[in-house]
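The next block holds one structure in the form of structure tokens; read it before the comments.
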Amino acid sequence: MSTIAVLGAGKIGESLLSGLINAGYSPEDLLFTERYQQRADELSERYGVRGADLPDAVRRADVLVVSVKPQDIEALLDETAEIVTPDKLVVTLCAGLPTSMFERRFAAGTPVVRVMPNTPMLVGEAMSAVSGGSHATESHLELVERMLGSVGRVVRVPENQQDAVTALSGSGPAYFFYLVEAMIDAGILLGLPRAVAAELVVQSAVGSAAMLREGEGHPVIMREGVTSPAGTTISGVRELEKHGVRAALIDAVEAAHSRSVELGAKHRQDPGESD
Ligand SMILES: NC(=O)c1ccc[n+]([C@@H]2O[C@H](COP(=O)([O-])OP(=O)(O)OC[C@H]3O[C@@H](n4cnc5c(N)ncnc54)[C@H](OP(=O)(O)O)[C@@H]3O)[C@@H](O)[C@H]2O)c1
């Protein structure tokens with residue numbers, strides 16, 4: 001069993017720690033770093049996992065999960081660049097930062113795996129996409145897939161698809177929340193109390209998601225199943241089409257992709273570097 005250190009146990013880092021413990025990882029095999037002692041004490045109490053300072057965590061762990069905000073990455077790299085050795089596996093959860101950036105800063109040959117998770121990791125239902133850098137082997141990728149499998153589902157993609165992943169599943173929960181919010185407003189417009197409208201919409205979302213995951217059918221077939229001739233649903237669907245909701249969603253994902261490419265550009269060494 002490898003020792004895993006979560007460097008930056010904020011929202012995503014804490015969700016990962018919690019998921020690993022729920023999945024049977026021993027707190028003895030986990031470490032985390034946090035800047036504030038009070039936060040570190042809270043986490044230790046909640047999960048029985050030890051906090052460590054950054055150099056100590058790097059030395060003691062085999063797997064280093066980098067989960068600080070991108071704006072804090074330079075400080076973290078400055079503090080760790082000299083002590084990360086190629087026998088460690090670096091797993092970065094930082095949105096938009098290419099594996100090449102870590103490879104340039106750490107000792108030659110250090111394996112790096114990039115992951116794009118999403119916030120449902122907080123409830124053990126993350127969608128994560130993993131990509132290996134130049135020195136990551138099949139067994140490194142498998143280790144990361146097992147680790148992230150404890151907090152949701154995992155797919156493997158080439159690194160040059162990570163901007164598309166960011167746009168679709170990284171930002172995706174925000175689009176679903178937006179849709180739910182709008183439908184709750186519609187319920188209120190029709191005179192339903194907010195709590196009732198929220199219950200109706202959220203449970204419909206949960207039920208639909210379960211059908212999508214468990215059912216054999218395509219989303220179109222499932223939608224057709226509730227769209228009877230001259231019925232209520234088709235009247236609603238016509239309005240969605242009239243307002244271009246399908247095109248708006250496609251445009252939204254495309255815009256998020258462009259922004260991800262733009263944000264990532266400053267971390268690539270030269271413009272030709274794909275990721
Ligand atoms: N949240 C998302 O939806 C999401 C989705 C995909 C990917 N990600 C990626 O996940 C990463 C973490 O995001 P998050 O939302 O979990 O952020 P967060 O809640 O701000 O967590 C980052 C944590 O790292 C700590 N930290 C910063 N610098 C540190 C250092 N040098 N040593 C030790 N701890 C340090 C921060 O402490 P302080 O509180 O003191 O600043 C904070 O607790 C980001 O890179 C983000 O791109 C997030």
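Here, A, B, ... name the chains of the structure tokens in the order displayed, residue numbers run from 1 inside each chain, and ligands are numbered from 1 in the same displayed order.
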
Next on the checklist: Quick one: residues within 10 Å of Thr166 of chain A, only C-alpha atoms, excluding same-chain residues fewer than 4 positions away - as JSON, numbers by chain?
Outcome noted: {"A": [95, 96, 116, 117, 118, 128, 129, 161, 162, 170, 171, 172, 253, 256, 257, 259, 260, 261]}

Using only C-alpha atoms and all ligand atoms, what table do you get, as CSV, when you list each residue of chain A with an atom no more than 7 Å from ligand 1, its nearest pair of atoms, and their distance in Å rounded to one decimal, rows by chain then rising number?
```
residue,atom,partner,partner_atom_place_in_ligand_line,distance
A:Leu7,CA,ligand 1,33 (C),5.6
A:Gly8,CA,ligand 1,24 (O),3.2
A:Ala9,CA,ligand 1,23 (C),4.9
A:Gly10,CA,ligand 1,21 (O),3.1
A:Lys11,CA,ligand 1,16 (O),3.7
A:Ile12,CA,ligand 1,16 (O),3.7
A:Gly13,CA,ligand 1,16 (O),5.5
A:Thr33,CA,ligand 1,33 (C),4.8
A:Glu34,CA,ligand 1,34 (N),3.9
A:Arg35,CA,ligand 1,34 (N),4.8
A:Tyr36,CA,ligand 1,40 (O),5.9
A:Leu54,CA,ligand 1,32 (N),6.1
A:Ser67,CA,ligand 1,11 (C),4.2
A:Val68,CA,ligand 1,24 (O),3.9
A:Lys69,CA,ligand 1,45 (O),3.8
A:Pro70,CA,ligand 1,45 (O),4.8
A:Asp72,CA,ligand 1,28 (N),5.1
A:Ala75,CA,ligand 1,31 (N),5.9
A:Leu76,CA,ligand 1,31 (N),4.5
A:Leu93,CA,ligand 1,10 (O),5.0
A:Cys94,CA,ligand 1,45 (O),3.2
A:Ala95,CA,ligand 1,47 (O),3.7
A:Met116,CA,ligand 1,6 (C),5.3
A:Pro117,CA,ligand 1,6 (C),4.6
A:Asn118,CA,ligand 1,5 (C),4.2
A:Thr119,CA,ligand 1,3 (O),4.5
A:Gly170,CA,ligand 1,5 (C),5.7
```

Item to check | Contacts of segment 204-208 of chain A within 10 Å, only C-alpha atoms, excl. fewer than 2 positions in-chain, as JSON, numbers by chain | outcome: {"A": [176, 177, 179, 180, 198, 199, 200, 201, 202, 210, 211, 212, 213, 214, 215, 219, 222, 223]}

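For the residues A:Thr85, A:Gln38, A:Ser44, A:Ser100, ranking by smallest atom-to-atom distance to Asp62 of chain A using only C-alpha atoms places A:Thr85 first.
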
Next on the checklist: Taking only segment 146-268 of chain A into account, list the residues labelled strand (DSSP E or B) by DSSP (computed from the backbone), as a PyMOL selection string.
Outcome noted: chain A and resi 152-156

Kindly save the residues from that selection, with N, CA and C atoms included, as a JSON list (two decimals), in the first residue's frame.
```
[["chain", "number", "residue", "atom", "x", "y", "z"],
["A", 152, "GLY", "N", -15.89, 8.20, -7.03],
["A", 152, "GLY", "CA", -16.71, 8.40, -8.22],
["A", 152, "GLY", "C", -16.22, 7.56, -9.38],
["A", 153, "ARG", "N", -16.47, 8.05, -10.58],
["A", 153, "ARG", "CA", -16.08, 7.32, -11.79],
["A", 153, "ARG", "C", -14.86, 7.96, -12.43],
["A", 154, "VAL", "N", -14.16, 7.17, -13.23],
["A", 154, "VAL", "CA", -12.91, 7.64, -13.81],
["A", 154, "VAL", "C", -12.84, 7.23, -15.28],
["A", 155, "VAL", "N", -12.39, 8.14, -16.13],
["A", 155, "VAL", "CA", -12.06, 7.77, -17.51],
["A", 155, "VAL", "C", -10.63, 8.22, -17.78],
["A", 156, "ARG", "N", -10.03, 7.59, -18.78],
["A", 156, "ARG", "CA", -8.67, 7.96, -19.16],
["A", 156, "ARG", "C", -8.76, 8.69, -20.50]]
```
